[in-house]
Amino acid sequence: MTLLEISGLTKAYPGVVANKNVSFSIGKGEIHALLGENGAGKSTLVKTIYGLVRPDSGTMTMKGQPFTPTDPRAARASGVAMVFQHFSLFDALTVSENIALGMDNPPLRRDIAARIQEVSRTYGLPLDPMMVVGDLSAGERQRVEIVRCLLQSPELLIMDEPTSVLTPQEVSILFETLRLLSSEGTSILYISHKLEEIRTLCHHATILRHGVVVGTCVPKQTTSREMAELMVGATLQAPKRDHATPGTALLRLQGLSVPAPHEFGTALKDITLTVRAGEVLGIGGVAGNGQDELVAALSGETTVPDDMIEWQGKAIGRLMPNDRRALGLCAAPEERNGHAAAPDMTLTENALLTGRTRMQLANRGIIDWAKTREFAQTIIEAFDVRTPSTETNARSLSGGNLQKFVIGREILQRSRLLIVNQPTWGVDAAAAAAIRQSLLDLAAEGSAVVVISQDLDEILEVADSFAALTDGRLSPPVSTKGLSLDQIGMMLGGAHDMETAHVDA
Amino acid sequence: MDINPILLLAALMVASTPILLAAIGELVTERAGVLNLGVEGMMIMGAVAGYIVGHSTGSPLAGFAGAAAAGIGLSLVFAILTQVLLTNQTATGLGLTLFGMGLASLMGQGFEPALPVTVSKIAIPGLSSIPVLGPILFQHDAIVYLSILLVLAVYLVLGYSRAGLILRAVGENHDAAHALGYPVRLVRLLAIMFGGACAGLGGAYISLVRVPQWIDGITAGAGWIALAIVVFASWKPWRLIGGAYLFGGMTVLQLNIQGDGGKIFGVTVPVEYLSMTPFVATIVVLVVMSAGRAPGSLGKSFHASN
């Protein structure tokens, strides 16, 4: 039985057609995957179903009736619920207040807590209704969103990149929940770029490229490579890596401790670590366990007592970011718009912002714009950044393109040690592969790379050694050779003493 | 020193009322995520409008209604600029204060009061005859009671009603509120108007009750103090009363000391220092106590396409 049928949906924005004549259908109880690169039109499509975007032409039918939601309220009334990619939660409000906000006819305050507990027990999603959302982990926050949807007994649940912030254990809990829902007759529209997940979970897949449906498949009978190639429209190369013998120690952290910078931050606790030339170190962990704080302490945004950080034998804890960059210690933080790049400045200006010192783009305080533009142009060419020109604002680039620019900018200024946080978050498969390859190339040239990521597949793909960051503490690094996702999951759970588990393996 | 503490405390409530009114309005506006720095301008517009309408009709009720309308009118200018034309809230608010002060001065020029306005005190039966507390708390005019009831109402609405929850959600994360289908701009428009009405009432209370006459620049920084108190109160309604009464109390106390010859325990203090004390005390307390967390979207422009 068909629940939702979409036919001939078209939506154009000035200068770009987001969806062109898109048709597909979702059956009752079906888990349907929507696959596509960034900018392929997945977001526009689900926003149309959720009533946030109105199509230019085309029709949708829900259970045989025409379906034209004018706003999310109307979509919810028709049985559509959505879990957003960037969680639409309110940090300062409690779990039950957040859930009440997502419902059109919320029950009384005292009843809602009971209903939350009931639903969270039924679907194995433990939650405390009175907790403030700002104090929750990413996995718990997602549970809030899911419970919020489930309380309305939806017929179609839309999930936009739900696993990108979860640990492997949390992912398997989520999949159990989704399978249970599907068996009860709830249809699920599942958006992801993680092909293995789609293969284990989804019944059908529709693949979008440049706003057009380019194929459909049954994921269980299709290889990841085939799906990825349909999605990208080209053949993909897996990153190549040579395990080089690590060289001399570049960076040494000795008992690095930093108090939490704000109410919802994490304190770093006694981190000791050595990073050697030619080494790729992966640091895994669920968001909010000190990643941002660690990047800030390493890049110099947070200064620490001098002897906590040593660069080739020299204490540099008190140095500011530009002084550290001058030494070759560069960083690309997680948030592209507003942290790694200034969104409303051009690519040329952004190239100057971190490249000034090492690339000598300014002479006695006077900016050499010709040289800066040339540097920006070099990054654009070397890293295949799709942009009209060097004078385009950073904000108008897609996530993947801006990320390639930001990472390329650090690599091309000959970093000796590059720290990247979530280098491929929200980036499409082709760009992600290019970024990972460039990190490996940098290491092969004798620089060190520290990759902080929540995507454990990514860490296993690029890193020589792995360390887990939990609640501001860093486990001793272990070699990634022969390390399984289960072992990593245990390390992330806080079981730091990996020696026994490692020997067993 | 010869200061009657009962009269002092009763006067404290009167002196604090304009600030409390303006502050509760600004608190609602800021909880919706809008920083309106035009409180001073809206207050003085309320002061002049209340004075003109009140003395033209002879009715204090009409005066206060006119003041609220004038406050709303000026706040709508702010609302259209910041919510529709997406101007910077800080700059627009500052501009609004300058504009309001100039316009009020122009309107008040040459106005001759026609009819007298008296705002009568309402002694609450029973309670007002309690010794000490009765004269302090329960022998005031209706606006004093209204200001406290408004704080109570705002506390209840923000904390316990769906409308209040939506308002807080809009102020905390406007993108998420929009994604859930809540009308961010409408909620903010209403919050700005509420802020304007409250500031107007506060202004009129100065020109019709506290002073009571029209003088250029009559609000004398009360709007700025109201803004500061909202922060000092960590955006919590009940704390506003503490902040407003601290400022009002210091004002009344220093006036009494001035009337007493400027002597504190026999030491003569220059008038300038005495006039300064309410501001200094409020700022000191603000610095010591401010630990609250501002609404997440405070002062940021919202555009639906982002």
# chains A, B, ... in the order shown; residues from 1 in each chain; ligands from 1
$ closest_atom_pairs --of "segment 108-174 of chain B" --to "segment 17-28 of chain B" --cutoff "12 Å" --atoms "only C-alpha atoms" --output "tab-separated table"
residue	atom	partner	partner_atom	distance
B:His140	CA	B:Thr17	CA	10.9
B:Asp141	CA	B:Thr17	CA	10.7
B:Ala142	CA	B:Thr17	CA	11.0
B:Ile143	CA	B:Thr17	CA	7.8
B:Val144	CA	B:Thr17	CA	6.0
B:Tyr145	CA	B:Thr17	CA	9.2
B:Leu146	CA	B:Leu21	CA	8.9
B:Ser147	CA	B:Leu21	CA	5.7
B:Ile148	CA	B:Leu20	CA	8.3
B:Leu149	CA	B:Leu21	CA	10.4
B:Leu150	CA	B:Ile24	CA	7.6
B:Val151	CA	B:Ile24	CA	6.4
B:Leu152	CA	B:Ile24	CA	10.0
B:Ala153	CA	B:Ile24	CA	10.2
B:Val154	CA	B:Val28	CA	7.7
B:Tyr155	CA	B:Ile24	CA	9.8
B:Val157	CA	B:Val28	CA	10.3
B:Leu158	CA	B:Val28	CA	8.6
B:Gly159	CA	B:Val28	CA	12.0
B:Ala163	CA	B:Val28	CA	11.9
B:Gly164	CA	B:Val28	CA	9.4
B:Leu165	CA	B:Val28	CA	11.9
B:Leu167	CA	B:Val28	CA	8.5
B:Arg168	CA	B:Val28	CA	9.0
B:Val170	CA	B:Val28	CA	11.6
B:Gly171	CA	B:Val28	CA	9.7
$ closest_atom_pairs --of "chain B" --to "chain A" --cutoff "7 Å" --atoms "only C-alpha atoms" --output "JSON lines"
{"residue": "B:Ile166", "atom": "CA", "partner": "A:Leu101", "partner_atom": "CA", "distance": 6.9}
{"residue": "B:Ala169", "atom": "CA", "partner": "A:Phe90", "partner_atom": "CA", "distance": 6.5}
{"residue": "B:Glu172", "atom": "CA", "partner": "A:Phe90", "partner_atom": "CA", "distance": 6.1}
{"residue": "B:Asn173", "atom": "CA", "partner": "A:Phe90", "partner_atom": "CA", "distance": 6.0}
{"residue": "B:Ala176", "atom": "CA", "partner": "A:Ser88", "partner_atom": "CA", "distance": 4.4}
{"residue": "B:Leu180", "atom": "CA", "partner": "A:Gly102", "partner_atom": "CA", "distance": 6.3}
{"residue": "B:Gly181", "atom": "CA", "partner": "A:Pro72", "partner_atom": "CA", "distance": 5.2}
$ write_last_selection --atoms "N, CA, C and O atoms" --output "mmCIF file, in the first residue's frame"
data_model
loop_
_atom_site.group_PDB
_atom_site.id
_atom_site.type_symbol
_atom_site.label_atom_id
_atom_site.label_comp_id
_atom_site.auth_asym_id
_atom_site.auth_seq_id
_atom_site.Cartn_x
_atom_site.Cartn_y
_atom_site.Cartn_z
ATOM 1 N N ILE B 166 6.156 29.366 23.903
ATOM 2 C CA ILE B 166 6.474 29.693 22.505
ATOM 3 C C ILE B 166 7.331 30.956 22.452
ATOM 4 O O ILE B 166 8.321 31.026 21.719
ATOM 5 N N ALA B 169 10.756 30.069 23.399
ATOM 6 C CA ALA B 169 11.379 29.273 22.340
ATOM 7 C C ALA B 169 11.864 30.180 21.213
ATOM 8 O O ALA B 169 12.968 30.019 20.694
ATOM 9 N N GLU B 172 14.963 31.861 22.320
ATOM 10 C CA GLU B 172 16.084 30.967 22.579
ATOM 11 C C GLU B 172 16.743 30.515 21.277
ATOM 12 O O GLU B 172 17.956 30.433 21.184
ATOM 13 N N ASN B 173 15.939 30.191 20.267
ATOM 14 C CA ASN B 173 16.495 29.671 19.016
ATOM 15 C C ASN B 173 15.477 29.918 17.913
ATOM 16 O O ASN B 173 14.594 29.096 17.667
ATOM 17 N N ALA B 176 15.082 27.245 15.064
ATOM 18 C CA ALA B 176 14.369 26.029 15.451
ATOM 19 C C ALA B 176 12.874 26.309 15.585
ATOM 20 O O ALA B 176 12.049 25.506 15.162
ATOM 21 N N LEU B 180 9.791 24.558 13.442
ATOM 22 C CA LEU B 180 8.637 23.870 14.019
ATOM 23 C C LEU B 180 7.328 24.530 13.595
ATOM 24 O O LEU B 180 6.259 24.066 13.949
ATOM 25 N N GLY B 181 7.424 25.640 12.865
ATOM 26 C CA GLY B 181 6.219 26.271 12.341
ATOM 27 C C GLY B 181 5.673 27.387 13.202
ATOM 28 O O GLY B 181 4.508 27.749 13.073
#
$ residues_around --residues "Val39 of chain B" --least-positions-apart "3" --cutoff "12 Å" --atoms "only C-alpha atoms" --output "CSV table (one decimal) with N, CA, C and O atoms, in the first residue's frame"
chain,number,residue,atom,x,y,z
B,18,PRO,N,7.9,53.4,37.8
B,18,PRO,CA,8.2,53.6,36.4
B,18,PRO,C,9.2,52.7,35.9
B,18,PRO,O,9.1,52.1,34.8
B,19,ILE,N,10.3,52.4,36.7
B,19,ILE,CA,11.4,51.6,36.2
B,19,ILE,C,10.9,50.1,36.2
B,19,ILE,O,11.2,49.4,35.2
B,21,LEU,N,7.8,49.1,35.6
B,21,LEU,CA,7.0,48.9,34.4
B,21,LEU,C,7.8,48.8,33.1
B,21,LEU,O,7.6,47.9,32.3
B,22,ALA,N,8.7,49.7,33.0
B,22,ALA,CA,9.5,49.7,31.7
B,22,ALA,C,10.3,48.4,31.7
B,22,ALA,O,10.5,47.8,30.6
B,23,ALA,N,10.8,47.9,32.8
B,23,ALA,CA,11.7,46.8,32.9
B,23,ALA,C,10.9,45.5,32.6
B,23,ALA,O,11.4,44.6,31.8
B,24,ILE,N,9.7,45.4,33.1
B,24,ILE,CA,8.9,44.2,32.8
B,24,ILE,C,8.6,44.1,31.3
B,24,ILE,O,8.6,43.0,30.7
B,25,GLY,N,8.4,45.2,30.7
B,25,GLY,CA,8.1,45.2,29.2
B,25,GLY,C,9.3,44.8,28.5
B,25,GLY,O,9.3,44.0,27.6
B,26,GLU,N,10.5,45.4,28.9
B,26,GLU,CA,11.7,45.0,28.2
B,26,GLU,C,12.1,43.6,28.4
B,26,GLU,O,12.6,42.9,27.5
B,27,LEU,N,11.8,43.1,29.6
B,27,LEU,CA,12.1,41.7,29.9
B,27,LEU,C,11.3,40.7,28.9
B,27,LEU,O,11.9,39.8,28.3
B,29,THR,N,10.2,41.6,25.9
B,29,THR,CA,10.8,41.8,24.6
B,29,THR,C,12.1,41.0,24.5
B,29,THR,O,12.3,40.3,23.4
B,30,GLU,N,13.0,41.0,25.5
B,30,GLU,CA,14.2,40.3,25.4
B,30,GLU,C,14.1,38.8,25.4
B,30,GLU,O,14.8,38.1,24.8
B,35,LEU,N,16.4,42.8,21.4
B,35,LEU,CA,17.1,43.8,22.3
B,35,LEU,C,16.6,45.2,21.8
B,35,LEU,O,17.1,45.7,20.8
B,36,ASN,N,15.7,45.8,22.6
B,36,ASN,CA,15.2,47.1,22.2
B,36,ASN,C,15.8,48.2,23.2
B,36,ASN,O,15.4,48.3,24.3
B,42,MET,N,10.9,55.5,24.4
B,42,MET,CA,9.5,55.1,24.6
B,42,MET,C,8.9,55.6,25.9
B,42,MET,O,7.7,56.0,25.9
B,43,MET,N,9.7,55.6,26.9
B,43,MET,CA,9.2,56.1,28.2
B,43,MET,C,8.9,57.6,28.1
B,43,MET,O,7.9,58.1,28.6
B,44,ILE,N,9.8,58.3,27.5
B,44,ILE,CA,9.6,59.8,27.5
B,44,ILE,C,8.5,60.2,26.6
B,44,ILE,O,7.7,61.1,26.8
B,45,MET,N,8.3,59.4,25.5
B,45,MET,CA,7.1,59.6,24.7
B,45,MET,C,5.8,59.3,25.5
B,45,MET,O,4.8,60.0,25.4
B,46,GLY,N,5.8,58.3,26.3
B,46,GLY,CA,4.7,58.0,27.2
B,46,GLY,C,4.5,59.1,28.2
B,46,GLY,O,3.4,59.5,28.5
B,71,GLY,N,3.6,54.7,23.5
B,71,GLY,CA,4.7,53.8,23.6
B,71,GLY,C,4.7,52.7,22.5
B,71,GLY,O,5.7,52.4,21.9
B,72,ILE,N,3.4,52.2,22.3
B,72,ILE,CA,3.3,51.2,21.3
B,72,ILE,C,3.6,51.8,19.9
B,72,ILE,O,4.3,51.1,19.1
B,74,LEU,N,5.7,54.2,19.1
B,74,LEU,CA,7.1,54.3,18.8
B,74,LEU,C,7.8,52.9,18.7
B,74,LEU,O,8.7,52.6,17.9
B,75,SER,N,7.2,51.9,19.5
B,75,SER,CA,7.8,50.6,19.4
B,75,SER,C,7.5,49.9,18.0
B,75,SER,O,8.3,49.1,17.6
B,78,PHE,N,10.2,50.7,15.7
B,78,PHE,CA,11.3,49.8,15.9
B,78,PHE,C,11.0,48.4,15.3
B,78,PHE,O,11.9,47.8,14.7
B,90,THR,N,20.7,47.0,17.8
B,90,THR,CA,21.4,48.0,18.7
B,90,THR,C,21.3,49.4,18.2
B,90,THR,O,20.8,50.3,18.9
B,92,THR,N,19.3,50.6,15.9
B,92,THR,CA,17.9,51.1,15.8
B,92,THR,C,17.4,51.5,17.1
B,92,THR,O,16.7,52.6,17.2
B,93,GLY,N,17.7,50.7,18.2
B,93,GLY,CA,17.2,51.1,19.5
B,93,GLY,C,17.8,52.4,20.0
B,93,GLY,O,17.1,53.2,20.6
B,94,LEU,N,19.1,52.6,19.8
B,94,LEU,CA,19.7,53.9,20.2
B,94,LEU,C,19.1,55.0,19.4
B,94,LEU,O,18.8,56.1,20.0
B,95,GLY,N,18.8,54.8,18.1
B,95,GLY,CA,18.2,55.8,17.3
B,95,GLY,C,16.8,56.2,17.8
B,95,GLY,O,16.4,57.3,17.9
B,96,LEU,N,16.1,55.1,18.3
B,96,LEU,CA,14.7,55.3,18.8
B,96,LEU,C,14.7,56.2,20.0
B,96,LEU,O,13.9,57.0,20.2
B,97,THR,N,15.7,56.0,20.9
B,97,THR,CA,15.8,56.8,22.1
B,97,THR,C,16.0,58.3,21.7
B,97,THR,O,15.3,59.1,22.2
B,98,LEU,N,17.0,58.5,20.8
B,98,LEU,CA,17.2,59.9,20.4
B,98,LEU,C,16.0,60.5,19.8
B,98,LEU,O,15.6,61.6,20.1
B,99,PHE,N,15.4,59.7,18.9
B,99,PHE,CA,14.2,60.2,18.2
B,99,PHE,C,13.1,60.5,19.2
B,99,PHE,O,12.4,61.6,19.1
B,100,GLY,N,12.8,59.6,20.1
B,100,GLY,CA,11.7,59.8,21.1
B,100,GLY,C,12.0,61.0,22.0
B,100,GLY,O,11.0,61.8,22.2
B,101,MET,N,13.2,61.2,22.4
B,101,MET,CA,13.5,62.4,23.2
B,101,MET,C,13.3,63.7,22.5
B,101,MET,O,12.7,64.6,23.1
B,192,ILE,N,7.4,43.2,21.2
B,192,ILE,CA,7.9,44.6,21.1
B,192,ILE,C,6.8,45.6,21.5
B,192,ILE,O,7.1,46.6,22.2
B,193,MET,N,5.6,45.3,21.0
B,193,MET,CA,4.5,46.2,21.4
B,193,MET,C,4.2,46.2,22.9
B,193,MET,O,3.9,47.2,23.5
B,194,PHE,N,4.3,45.0,23.5
B,194,PHE,CA,4.1,44.9,24.9
B,194,PHE,C,5.1,45.8,25.6
B,194,PHE,O,4.8,46.5,26.6
B,195,GLY,N,6.4,45.6,25.2
B,195,GLY,CA,7.4,46.4,25.8
B,195,GLY,C,7.2,47.9,25.6
B,195,GLY,O,7.4,48.7,26.5
B,196,GLY,N,6.7,48.3,24.4
B,196,GLY,CA,6.4,49.7,24.2
B,196,GLY,C,5.3,50.2,25.1
B,196,GLY,O,5.4,51.3,25.7
B,197,ALA,N,4.2,49.4,25.3
B,197,ALA,CA,3.1,49.8,26.1
B,197,ALA,C,3.6,50.0,27.6
B,197,ALA,O,3.2,51.0,28.2
B,198,CYS,N,4.3,49.1,28.0
B,198,CYS,CA,4.8,49.1,29.4
B,198,CYS,C,5.7,50.4,29.7
B,198,CYS,O,5.6,51.1,30.7
B,199,ALA,N,6.6,50.6,28.7
B,199,ALA,CA,7.5,51.8,28.8
B,199,ALA,C,6.7,53.0,28.8
B,199,ALA,O,7.0,54.0,29.6
B,200,GLY,N,5.7,53.1,28.0
B,200,GLY,CA,4.8,54.3,27.9
B,200,GLY,C,4.1,54.5,29.2
B,200,GLY,O,4.1,55.7,29.8
B,201,LEU,N,3.6,53.5,29.8
B,201,LEU,CA,2.9,53.6,31.1
B,201,LEU,C,3.9,54.1,32.2
B,201,LEU,O,3.6,55.0,33.0
B,202,GLY,N,5.1,53.5,32.1
B,202,GLY,CA,6.1,53.9,33.1
B,202,GLY,C,6.5,55.4,33.0
B,202,GLY,O,6.6,56.1,34.0
B,203,GLY,N,6.6,55.9,31.7
B,203,GLY,CA,6.8,57.3,31.5
B,203,GLY,C,5.7,58.2,32.0
B,203,GLY,O,6.0,59.2,32.7
B,219,THR,N,12.5,61.8,32.1
B,219,THR,CA,12.8,60.4,32.5
B,219,THR,C,14.2,60.2,33.1
B,219,THR,O,14.4,59.3,33.8
B,220,ALA,N,15.1,61.1,32.7
B,220,ALA,CA,16.4,61.2,33.3
B,220,ALA,C,17.1,59.9,33.5
B,220,ALA,O,17.6,59.5,34.5
B,221,GLY,N,17.1,59.1,32.4
B,221,GLY,CA,17.9,57.8,32.4
B,221,GLY,C,17.2,56.6,33.0
B,221,GLY,O,17.7,55.6,33.1
B,222,ALA,N,15.9,56.8,33.4
B,222,ALA,CA,15.2,55.7,34.0
B,222,ALA,C,15.1,54.5,33.0
B,222,ALA,O,15.1,53.3,33.4
B,223,GLY,N,15.0,54.8,31.7
B,223,GLY,CA,14.9,53.7,30.7
B,223,GLY,C,16.2,52.9,30.7
B,223,GLY,O,16.1,51.7,30.5
B,224,TRP,N,17.3,53.6,30.8
B,224,TRP,CA,18.6,52.9,30.8
B,224,TRP,C,18.7,52.0,32.0
B,224,TRP,O,19.2,50.8,31.9
B,225,ILE,N,18.2,52.5,33.2
B,225,ILE,CA,18.3,51.7,34.4
B,225,ILE,C,17.4,50.5,34.2
B,225,ILE,O,17.8,49.4,34.6
B,226,ALA,N,16.2,50.7,33.6
B,226,ALA,CA,15.3,49.5,33.4
B,226,ALA,C,16.0,48.5,32.5
B,226,ALA,O,15.9,47.3,32.8
B,227,LEU,N,16.7,48.9,31.5
B,227,LEU,CA,17.5,47.9,30.7
B,227,LEU,C,18.5,47.2,31.5
B,227,LEU,O,18.6,46.0,31.4
B,228,ALA,N,19.2,47.9,32.3
B,228,ALA,CA,20.3,47.3,33.1
B,228,ALA,C,19.7,46.3,34.1
B,228,ALA,O,20.2,45.2,34.3
B,230,VAL,N,17.0,44.5,33.8
B,230,VAL,CA,16.6,43.3,33.2
B,230,VAL,C,17.8,42.3,33.1
B,230,VAL,O,17.6,41.1,33.4
$ select_by_dssp --residues "segment 134-292 of chain B" --states "alpha helix (DSSP H)" --output "number ranges by chain"
B: 134-137, 142-160, 162-172, 174-179, 184-205, 222-232, 237-259, 271-289
$ residues_around --residues "Gly63 of chain B" --least-positions-apart "6" --cutoff "9 Å" --atoms "only C-alpha atoms" --output "PDB file with N, CA and C atoms, in the first residue's frame"
ATOM      1  N   ALA B  49       2.992  62.111  26.205  1.00  0.00           N
ATOM      2  CA  ALA B  49       1.660  61.808  25.706  1.00  0.00           C
ATOM      3  C   ALA B  49       0.680  61.686  26.856  1.00  0.00           C
ATOM      4  N   GLY B  50       1.111  60.999  27.929  1.00  0.00           N
ATOM      5  CA  GLY B  50       0.249  60.857  29.087  1.00  0.00           C
ATOM      6  C   GLY B  50      -0.093  62.222  29.681  1.00  0.00           C
ATOM      7  N   TYR B  51       0.916  63.084  29.739  1.00  0.00           N
ATOM      8  CA  TYR B  51       0.708  64.416  30.309  1.00  0.00           C
ATOM      9  C   TYR B  51      -0.288  65.212  29.463  1.00  0.00           C
ATOM     10  N   ILE B  52      -0.091  65.195  28.129  1.00  0.00           N
ATOM     11  CA  ILE B  52      -0.948  65.981  27.241  1.00  0.00           C
ATOM     12  C   ILE B  52      -2.369  65.451  27.256  1.00  0.00           C
ATOM     13  N   VAL B  53      -2.518  64.132  27.075  1.00  0.00           N
ATOM     14  CA  VAL B  53      -3.871  63.561  27.036  1.00  0.00           C
ATOM     15  C   VAL B  53      -4.544  63.728  28.390  1.00  0.00           C
ATOM     16  N   GLY B  54      -3.814  63.433  29.463  1.00  0.00           N
ATOM     17  CA  GLY B  54      -4.381  63.531  30.801  1.00  0.00           C
ATOM     18  C   GLY B  54      -4.867  64.931  31.096  1.00  0.00           C
ATOM     19  N   HIS B  55      -4.046  65.933  30.808  1.00  0.00           N
ATOM     20  CA  HIS B  55      -4.410  67.303  31.145  1.00  0.00           C
ATOM     21  C   HIS B  55      -5.370  67.919  30.153  1.00  0.00           C
ATOM     22  N   SER B  56      -5.565  67.290  28.988  1.00  0.00           N
ATOM     23  CA  SER B  56      -6.569  67.790  28.054  1.00  0.00           C
ATOM     24  C   SER B  56      -7.936  67.248  28.411  1.00  0.00           C
ATOM     25  N   THR B  57      -7.976  66.022  28.918  1.00  0.00           N
ATOM     26  CA  THR B  57      -9.260  65.397  29.231  1.00  0.00           C
ATOM     27  C   THR B  57      -9.588  65.466  30.710  1.00  0.00           C
ATOM     28  N   VAL B 117      -5.157  66.833  36.878  1.00  0.00           N
ATOM     29  CA  VAL B 117      -5.280  65.376  36.904  1.00  0.00           C
ATOM     30  C   VAL B 117      -4.872  64.893  38.288  1.00  0.00           C
ATOM     31  N   ALA B 204       4.494  57.770  31.737  1.00  0.00           N
ATOM     32  CA  ALA B 204       3.363  58.582  32.170  1.00  0.00           C
ATOM     33  C   ALA B 204       3.287  58.641  33.694  1.00  0.00           C
ATOM     34  N   LEU B 208       2.710  62.130  35.474  1.00  0.00           N
ATOM     35  CA  LEU B 208       1.380  62.338  36.051  1.00  0.00           C
ATOM     36  C   LEU B 208       1.332  62.110  37.562  1.00  0.00           C
TER      37      LEU B 208
END
$ residues_around --residues "segment 271-287 of chain B" --least-positions-apart "3" --cutoff "8 Å" --atoms "only C-alpha atoms" --output "number ranges by chain"
B: 225, 228-229, 231-232, 243, 246-251, 254-255, 258, 262, 290
$ write_last_selection --atoms "N, CA and C atoms" --output "mmCIF file, in the first residue's frame"
data_model
loop_
_atom_site.group_PDB
_atom_site.id
_atom_site.type_symbol
_atom_site.label_atom_id
_atom_site.label_comp_id
_atom_site.auth_asym_id
_atom_site.auth_seq_id
_atom_site.Cartn_x
_atom_site.Cartn_y
_atom_site.Cartn_z
ATOM 1 N N ILE B 225 18.245 52.511 33.174
ATOM 2 C CA ILE B 225 18.291 51.702 34.391
ATOM 3 C C ILE B 225 17.397 50.472 34.226
ATOM 4 N N ALA B 228 19.218 47.937 32.326
ATOM 5 C CA ALA B 228 20.264 47.302 33.129
ATOM 6 C C ALA B 228 19.664 46.307 34.109
ATOM 7 N N ILE B 229 18.508 46.677 34.673
ATOM 8 C CA ILE B 229 17.899 45.812 35.684
ATOM 9 C C ILE B 229 17.444 44.479 35.078
ATOM 10 N N VAL B 231 18.977 42.810 32.860
ATOM 11 C CA VAL B 231 20.162 41.942 32.824
ATOM 12 C C VAL B 231 20.501 41.472 34.239
ATOM 13 N N PHE B 232 20.483 42.419 35.175
ATOM 14 C CA PHE B 232 20.798 42.110 36.574
ATOM 15 C C PHE B 232 19.830 41.060 37.106
ATOM 16 N N GLY B 243 15.513 44.519 41.811
ATOM 17 C CA GLY B 243 16.358 45.506 41.141
ATOM 18 C C GLY B 243 15.713 46.875 41.113
ATOM 19 N N LEU B 246 15.543 48.407 44.564
ATOM 20 C CA LEU B 246 16.857 48.858 45.018
ATOM 21 C C LEU B 246 17.155 50.244 44.448
ATOM 22 N N PHE B 247 16.935 50.382 43.157
ATOM 23 C CA PHE B 247 17.206 51.674 42.531
ATOM 24 C C PHE B 247 16.268 52.747 43.092
ATOM 25 N N GLY B 248 14.970 52.416 43.145
ATOM 26 C CA GLY B 248 13.990 53.373 43.676
ATOM 27 C C GLY B 248 14.310 53.739 45.110
ATOM 28 N N GLY B 249 14.684 52.723 45.907
ATOM 29 C CA GLY B 249 14.985 52.961 47.314
ATOM 30 C C GLY B 249 16.170 53.885 47.487
ATOM 31 N N MET B 250 17.213 53.654 46.711
ATOM 32 C CA MET B 250 18.388 54.512 46.791
ATOM 33 C C MET B 250 18.037 55.934 46.389
ATOM 34 N N THR B 251 17.166 56.069 45.367
ATOM 35 C CA THR B 251 16.763 57.397 44.916
ATOM 36 C C THR B 251 16.051 58.152 46.036
ATOM 37 N N GLN B 254 18.416 58.967 49.026
ATOM 38 C CA GLN B 254 19.349 60.073 48.831
ATOM 39 C C GLN B 254 18.612 61.412 48.775
ATOM 40 N N LEU B 255 17.354 61.410 48.262
ATOM 41 C CA LEU B 255 16.575 62.646 48.258
ATOM 42 C C LEU B 255 16.272 63.077 49.692
ATOM 43 N N GLN B 258 19.337 64.465 51.167
ATOM 44 C CA GLN B 258 19.529 65.831 50.655
ATOM 45 C C GLN B 258 18.635 66.809 51.405
ATOM 46 N N GLY B 262 21.970 66.884 53.660
ATOM 47 C CA GLY B 262 23.080 66.145 53.062
ATOM 48 C C GLY B 262 24.008 65.525 54.067
ATOM 49 N N SER B 290 25.329 39.630 38.332
ATOM 50 C CA SER B 290 24.939 39.170 37.001
ATOM 51 C C SER B 290 25.601 37.835 36.694
#
$ residues_around --residues "Leu418 of chain A" --least-positions-apart "3" --cutoff "6 Å" --atoms "only C-alpha atoms" --output "list in words"
Cys330, Ala331, Ser415 and Val449 of chain A
$ write_last_selection --atoms "N, CA and C atoms" --output "JSON list (two decimals), in the first residue's frame"
[["chain", "number", "residue", "atom", "x", "y", "z"],
["A", 330, "CYS", "N", 48.84, 24.64, 12.61],
["A", 330, "CYS", "CA", 47.64, 25.23, 12.04],
["A", 330, "CYS", "C", 46.41, 24.42, 12.43],
["A", 331, "ALA", "N", 45.25, 25.08, 12.40],
["A", 331, "ALA", "CA", 44.02, 24.39, 12.80],
["A", 331, "ALA", "C", 42.87, 24.77, 11.87],
["A", 415, "SER", "N", 51.58, 23.47, 6.57],
["A", 415, "SER", "CA", 51.48, 23.19, 8.00],
["A", 415, "SER", "C", 52.45, 22.10, 8.36],
["A", 449, "VAL", "N", 49.17, 15.12, 11.31],
["A", 449, "VAL", "CA", 47.77, 15.52, 11.21],
["A", 449, "VAL", "C", 47.02, 14.96, 12.41]]
$ residues_around --residues "segment 111-117 of chain A" --least-positions-apart "4" --cutoff "8 Å" --atoms "only C-alpha atoms" --output "PyMOL selection string"
chain A and resi 96+100+106-107+121+126-130+147+151
